[in-house]
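With CSV, C-alpha atoms inside, this is start-v1.csv:
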```csv
chain,number,residue,atom,x,y,z
A,89,MET,CA,103.1,80.3,152.1
A,90,ASP,CA,104.2,82.5,155.0
A,91,GLU,CA,103.5,81.0,158.4
A,92,ARG,CA,101.8,84.1,159.7
A,93,PHE,CA,99.5,84.1,156.6
A,94,LYS,CA,98.6,80.5,157.3
A,95,LEU,CA,97.8,81.3,160.9
A,96,CYS,CA,95.6,84.2,159.8
A,97,ARG,CA,93.6,81.8,157.5
A,98,LYS,CA,93.4,79.2,160.3
A,99,LEU,CA,91.9,81.8,162.7
A,100,GLY,CA,89.4,82.9,160.1
A,101,PHE,CA,91.0,86.1,158.9
A,102,ARG,CA,91.3,86.9,155.2
A,103,ASP,CA,94.9,88.1,155.6
A,104,ALA,CA,97.2,89.9,158.0
A,105,ALA,CA,95.6,93.3,157.3
A,106,HIS,CA,92.2,91.8,158.4
A,107,ALA,CA,93.8,90.4,161.5
A,108,HIS,CA,95.5,93.8,162.3
A,109,LYS,CA,92.1,95.5,161.9
A,110,ILE,CA,90.6,93.1,164.5
A,111,ILE,CA,93.5,93.6,166.8
A,112,LEU,CA,93.1,97.4,166.6
A,113,GLU,CA,89.4,97.1,167.3
A,114,GLY,CA,90.1,94.8,170.3
A,115,ALA,CA,91.9,97.6,172.1
A,116,HIS,CA,88.5,99.2,172.7
A,117,LYS,CA,86.8,96.0,173.8
A,118,ILE,CA,87.2,93.5,176.7
A,119,PRO,CA,90.1,91.0,176.3
A,120,GLU,CA,87.6,88.1,176.1
A,121,TRP,CA,86.3,89.5,172.8
A,122,LEU,CA,89.8,89.1,171.3
A,123,ILE,CA,90.2,85.6,172.9
A,124,SER,CA,86.9,84.5,171.4
A,125,LYS,CA,88.5,85.1,168.0
A,126,GLY,CA,91.5,82.9,168.8
A,127,LEU,CA,93.8,85.8,169.6
A,128,ASN,CA,95.7,85.4,172.8
A,129,ALA,CA,99.4,86.0,173.8
A,130,ALA,CA,100.6,82.9,172.0
A,131,SER,CA,98.8,83.5,168.7
A,132,LEU,CA,99.5,87.2,168.8
A,133,ALA,CA,103.2,86.5,169.3
A,134,ASN,CA,103.1,84.2,166.3
A,135,LEU,CA,101.6,87.0,164.3
A,136,GLY,CA,104.4,89.3,165.4
A,137,TYR,CA,102.7,91.2,168.1
A,138,ASP,CA,104.6,91.3,171.4
A,139,GLY,CA,103.6,93.1,174.6
A,140,ASP,CA,105.2,96.4,173.5
A,141,ALA,CA,103.5,96.3,170.1
A,142,MET,CA,100.2,95.7,171.8
A,143,ARG,CA,100.8,98.7,174.1
A,144,HIS,CA,101.5,100.9,171.2
A,145,LEU,CA,98.1,99.8,169.8
A,146,GLY,CA,96.4,101.0,172.9
A,147,TYR,CA,96.2,97.9,175.1
A,148,LYS,CA,96.6,98.3,178.9
A,149,ASP,CA,98.7,96.0,181.0
A,150,THR,CA,95.6,94.6,182.7
A,151,ALA,CA,94.2,93.6,179.3
A,152,LEU,CA,97.5,92.1,178.2
A,153,GLN,CA,97.6,90.0,181.4
A,154,LYS,CA,94.2,88.6,180.6
A,155,LEU,CA,95.4,87.8,177.1
A,156,GLY,CA,98.2,85.8,178.6
A,157,PHE,CA,101.2,88.2,178.4
A,158,ARG,CA,103.6,88.1,181.3
A,159,ILE,CA,103.9,91.7,182.0
A,160,ALA,CA,106.5,91.6,184.8
A,161,LYS,CA,109.0,89.7,182.7
A,162,GLU,CA,108.5,91.9,179.7
A,163,VAL,CA,109.1,95.0,181.7
A,164,HIS,CA,112.4,93.7,183.1
A,165,LYS,CA,113.6,91.7,180.2
A,166,SER,CA,115.8,94.4,178.7
A,167,PRO,CA,119.4,94.4,180.0
A,168,PRO,CA,120.8,97.6,181.5
A,169,ALA,CA,121.7,100.3,179.0
A,170,ALA,CA,125.3,100.6,178.1
A,171,PRO,CA,127.1,103.8,179.1
A,172,SER,CA,126.5,106.6,176.7
A,173,SER,CA,130.2,106.8,175.9
A,174,ALA,CA,130.1,103.2,174.6
A,175,LEU,CA,126.8,103.6,172.8
A,176,PRO,CA,127.0,106.0,169.8
A,177,PRO,CA,123.7,107.6,168.7
A,178,GLU,CA,123.1,105.4,165.7
A,179,HIS,CA,123.0,102.3,168.1
A,180,ALA,CA,121.1,103.9,171.0
A,181,PRO,CA,118.1,102.0,172.4
A,182,ILE,CA,114.6,103.0,171.4
A,183,GLU,CA,113.1,105.6,173.7
A,184,GLY,CA,109.9,107.6,173.6
A,185,GLY,CA,107.0,107.1,171.2
A,186,ILE,CA,107.8,104.3,168.7
A,187,THR,CA,106.1,106.3,165.8
A,188,ALA,CA,108.4,109.2,166.2
A,189,THR,CA,111.4,106.9,166.8
A,190,LEU,CA,110.7,104.9,163.6
A,191,LYS,CA,110.3,107.9,161.4
A,192,ASP,CA,113.5,109.4,162.8
A,193,LEU,CA,115.4,106.1,162.2
A,194,ILE,CA,114.2,105.9,158.7
A,195,GLN,CA,115.1,109.5,158.0
A,196,ARG,CA,118.6,108.7,159.3
A,197,GLY,CA,118.9,105.9,156.8
A,198,CYS,CA,118.6,102.9,159.0
A,199,HIS,CA,118.0,99.7,157.0
A,200,ALA,CA,116.0,96.6,157.8
A,201,GLY,CA,118.8,94.9,159.6
A,202,GLU,CA,119.4,97.8,162.0
A,203,LEU,CA,115.7,98.1,162.8
A,204,LYS,CA,115.6,94.4,163.6
A,205,GLN,CA,118.6,94.7,165.9
A,206,ARG,CA,116.7,97.3,167.8
A,207,GLY,CA,113.8,94.9,168.3
A,208,ILE,CA,111.5,96.8,165.9
A,209,THR,CA,109.1,94.4,164.2
A,210,ILE,CA,107.0,94.8,161.1
A,211,PRO,CA,103.8,95.0,163.1
A,212,HIS,CA,105.5,97.9,165.0
A,213,CYS,CA,106.0,99.6,161.7
A,214,ARG,CA,102.5,98.9,160.5
A,215,ALA,CA,101.1,100.3,163.8
A,216,ALA,CA,103.2,103.4,163.3
A,217,GLY,CA,101.7,103.9,159.8
A,218,ILE,CA,104.9,103.1,157.9
A,219,ASP,CA,104.0,102.2,154.2
A,220,ALA,CA,105.0,98.8,152.9
A,221,ARG,CA,106.8,100.6,150.1
A,222,VAL,CA,109.1,102.2,152.6
A,223,LEU,CA,109.9,98.9,154.3
A,224,ALA,CA,110.6,97.3,151.0
A,225,ARG,CA,113.1,100.0,150.1
A,226,LEU,CA,114.7,99.5,153.5
A,227,GLY,CA,115.4,95.8,152.6
A,228,TYR,CA,112.5,93.9,154.1
A,229,ALA,CA,111.7,90.8,152.0
A,230,LEU,CA,108.3,90.0,150.6
A,231,HIS,CA,107.9,86.9,152.8
A,232,GLU,CA,108.3,89.2,155.9
A,233,LEU,CA,105.9,91.9,154.7
A,234,ALA,CA,103.2,89.4,153.5
A,235,GLY,CA,102.4,88.3,157.0
A,236,VAL,CA,101.4,91.9,158.0
A,237,TYR,CA,100.5,93.9,154.9
A,238,SER,CA,97.6,93.3,152.5
A,239,LEU,CA,97.9,92.2,148.9
A,240,ALA,CA,96.7,95.6,147.8
A,241,GLU,CA,99.5,97.3,149.8
A,242,LEU,CA,102.1,94.9,148.5
A,243,LYS,CA,101.0,95.4,144.9
A,244,LYS,CA,101.9,99.1,145.3
A,245,THR,CA,105.5,98.2,146.2
A,246,GLY,CA,106.0,96.7,142.8
A,247,PHE,CA,106.1,93.0,143.6
A,248,ASN,CA,105.0,91.0,140.6
A,249,PRO,CA,102.2,88.4,140.4
A,250,ARG,CA,104.7,85.5,140.4
A,251,GLU,CA,106.3,86.7,143.6
A,252,LEU,CA,103.0,87.4,145.3
A,253,SER,CA,101.6,84.0,144.3
A,254,ARG,CA,103.8,82.4,147.0
A,255,HIS,CA,101.7,84.1,149.6
A,256,PHE,CA,98.3,84.8,147.9
A,257,LYS,CA,95.9,82.7,145.8
A,258,GLY,CA,95.8,83.4,142.0
A,259,SER,CA,92.1,84.4,142.3
A,260,GLU,CA,93.2,87.0,144.9
A,261,LEU,CA,95.8,88.3,142.5
A,262,ARG,CA,93.0,88.7,139.9
A,263,ASP,CA,90.8,90.4,142.4
A,264,ALA,CA,93.6,92.8,143.3
A,265,GLY,CA,93.6,94.1,139.7
A,266,PHE,CA,96.4,92.2,138.0
A,267,SER,CA,95.5,91.8,134.4
A,268,ALA,CA,95.6,88.6,132.4
A,269,ALA,CA,98.5,90.1,130.4
A,270,GLU,CA,100.4,90.8,133.6
A,271,MET,CA,99.8,87.3,134.8
A,272,ARG,CA,101.1,85.9,131.5
A,273,CYS,CA,104.2,88.0,131.7
A,274,ALA,CA,104.8,86.7,135.2
A,275,GLY,CA,104.9,83.2,133.9
A,276,PHE,CA,101.4,81.9,134.4
A,277,CYS,CA,100.0,79.6,131.7
A,278,VAL,CA,96.6,79.6,130.1
A,279,ARG,CA,95.4,76.8,132.4
A,280,ASP,CA,96.5,78.9,135.4
A,281,LEU,CA,94.4,81.8,134.3
A,282,ILE,CA,91.4,79.7,133.7
A,283,ASN,CA,91.7,78.3,137.2
A,284,PHE,CA,92.1,81.8,138.6
A,285,GLY,CA,88.8,82.8,137.2
A,286,PHE,CA,89.8,85.0,134.2
A,287,ASN,CA,87.2,84.8,131.4
A,288,GLU,CA,87.9,83.6,127.9
A,289,ASN,CA,88.1,87.1,126.3
A,290,GLN,CA,90.6,88.3,129.0
A,291,ILE,CA,92.8,85.2,128.3
A,292,ILE,CA,92.6,85.5,124.6
A,293,GLY,CA,93.7,89.2,124.8
A,294,ALA,CA,96.6,88.5,127.2
A,295,GLY,CA,99.0,87.7,124.4
A,296,TYR,CA,99.3,83.9,124.4
A,297,SER,CA,100.1,82.1,121.2
A,298,VAL,CA,97.3,80.5,119.2
A,299,ASN,CA,98.7,77.0,120.0
A,300,GLU,CA,98.7,77.8,123.7
A,301,LEU,CA,95.1,78.8,123.5
A,302,LEU,CA,94.0,75.9,121.4
A,303,ARG,CA,95.7,73.5,123.8
A,304,GLU,CA,93.3,74.5,126.4
A,305,GLY,CA,90.3,74.6,124.1
A,306,LEU,CA,90.0,78.3,123.7
A,307,SER,CA,88.0,78.8,121.5
A,308,ARG,CA,86.0,78.8,118.3
A,309,PHE,CA,87.4,82.3,117.7
A,310,THR,CA,90.9,81.0,118.2
A,311,ARG,CA,90.4,78.0,115.9
A,312,ASP,CA,89.0,80.4,113.2
A,313,LEU,CA,92.1,82.6,113.7
A,314,ARG,CA,94.4,79.7,113.2
A,315,LYS,CA,92.6,78.8,109.9
A,316,LEU,CA,93.3,82.3,108.7
A,317,GLN,CA,97.0,81.8,109.2
A,318,TYR,CA,97.0,79.1,106.5
```

Mind turning this structure into structure tokens?
Amino acid sequence: MDERFKLCRKLGFRDAAHAHKIILEGAHKIPEWLISKGLNAASLANLGYDGDAMRHLGYKDTALQKLGFRIAKEVHKSPPAAPSSALPPEHAPIEGGITATLKDLIQRGCHAGELKQRGITIPHCRAAGIDARVLARLGYALHELAGVYSLAELKKTGFNPRELSRHFKGSELRDAGFSAAEMRCAGFCVRDLINFGFNENQIIGAGYSVNELLREGLSRFTRDLRKLQY
């Protein structure tokens, strides 16, 4: 399970999307409100939110200082820009609003590796309104996206239940709308589906063999069906 997802659960958030919603809400409250929820500079950094990302979400430097960010160091941490003659446009540092910059970089065909080299994080992308499907196409891996985007958003990218199960519970996959048949095709057995909360009718209709169903005690209907085969 992704470390950021584990941290979200430890802090009492359902997932990264829930944490992001709280962080957005915190921009309009006093810093102590965010701290009371376990979100300070250290935990925010572990979730992928550095000082710049927080500023883009609307946080002022005074609030960031109370959260534990060291503003002076962050402001001066970037090395001097290289001369323009040695820095072609495709490698120029980020300037201006990050939303406009991100959209421009994506339109220019920058892939995940290039965005990372520029210091752009997935929370930056999420804050800028970039869809998870776009980031997946750019080359970001599921384990990177799962710490920031919700299961519903990741489902839309085309990740299958088996891949998503490394980051989300089976019951969450069921609640996200994956059918019993999809779960079977992804490699889950009858017992898995029972544990995930699928009912007997859903499991019987998922396409498992009679023997697989009988092995788990499903059901009188299944036993009767087997008798008809002989």

**OP:** Figure out the distance between atom CA of Ala264 of chain A and atom CA of Leu239 of chain A, please, to one decimal in Å.
**Re:** 7.1 Å

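Between Ile208 of chain A and the residues A:Gln153, A:Gln195, A:Asn128, A:Thr187, the shortest atom-to-atom distance, using all atoms listed in the file, involves A:Thr187.
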
**OP:** For Leu122 of chain A, work out the shell of residues within 12 Å, counting all atoms listed in the file and skipping chain neighbours fewer than 2 positions away, then give it as a PyMOL selection string.
**Re:** chain A and resi 99+107-120+124-129+131-132+147+151-152+154-156

Original post:
Got a sec: who's within 9 Å of segment 94-98 of chain A, counting only C-alpha atoms, leaving out chain neighbours fewer than 4 positions off, as a list in words?
Top reply: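 Here the qualifying residues turn out to be Met89, Asp90, Arg102, Asp103, Ala104, His106, Ala107, Ser131, Asn134, Leu135 and Gly235 of chain A.
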
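Atom to atom, atom CA of Leu223 of chain A and atom CA of Asp140 of chain A stand 19.9 Å apart.
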
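The residue that comes closest to Arg221 of chain A, out of A:Gly246, A:Gly285, A:Gly305, A:Gly295 and on the basis of all atoms listed in the file, is A:Gly246.
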
Original post:
Can you tell me, as number ranges by chain, what residues are no more than 6 Å from Gly258 of chain A when counting all atoms listed in the file, ignoring any on the same chain fewer than 2 positions away?
Top reply: A: 260-261, 284

Original post:
Taking into account all atoms listed in the file, which residue in the set A:Ala294, A:Leu302, A:Ala141, A:Cys277 is nearest to Gly207 of chain A?
Top reply: A:Ala141

Original post:
What gap, in Å, lies between atom CA of Arg262 of chain A and atom CA of Pro249 of chain A?
Top reply: 9.2 Å

**OP:** Tell me which protein, DNA and RNA residues are within 8 Å of Gly136 of chain A, counting all atoms listed in the file, leaving out same-chain ones fewer than 3 positions away, and put them as a PyMOL selection string.
**Re:** chain A and resi 132-133+209-211

Quick one: write out the picked residues with C-alpha atoms as a CSV table (one decimal), in the coordinates of the input?
```
chain,number,residue,atom,x,y,z
A,132,LEU,CA,99.5,87.2,168.8
A,133,ALA,CA,103.2,86.5,169.3
A,209,THR,CA,109.1,94.4,164.2
A,210,ILE,CA,107.0,94.8,161.1
A,211,PRO,CA,103.8,95.0,163.1
```

If you take every atom of segment 262-265 of chain A that the file lists and fit an axis-aligned box around them with 6 Å extra on each side, what centre and edge lengths come out in Å to one decimal, as lines of an AutoDock Vina configuration file?
```
center_x = 92.2
center_y = 91.4
center_z = 141.5
size_x = 14.8
size_y = 17.4
size_z = 15.6
```

**OP:** Can you work out which one of A:Thr189, A:Arg250, A:Tyr296, A:Gln290 has the shortest atom-to-atom distance to Ser267 of chain A, counting all atoms listed in the file?
**Re:**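 Ranking A:Thr189, A:Arg250, A:Tyr296, A:Gln290 by distance to Ser267 of chain A, first place goes to A:Gln290.
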
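Distance check against Leu145 of chain A using all atoms listed in the file: of A:Val298, A:Ala216, A:Leu226, A:Leu281, the minimum falls on A:Ala216.
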
Subject >> Closest of A:Arg92, A:Lys244, A:Arg206, A:Arg158 to Gly265 of chain A - atom-to-atom distances counting only C-alpha atoms >> reply: A:Lys244
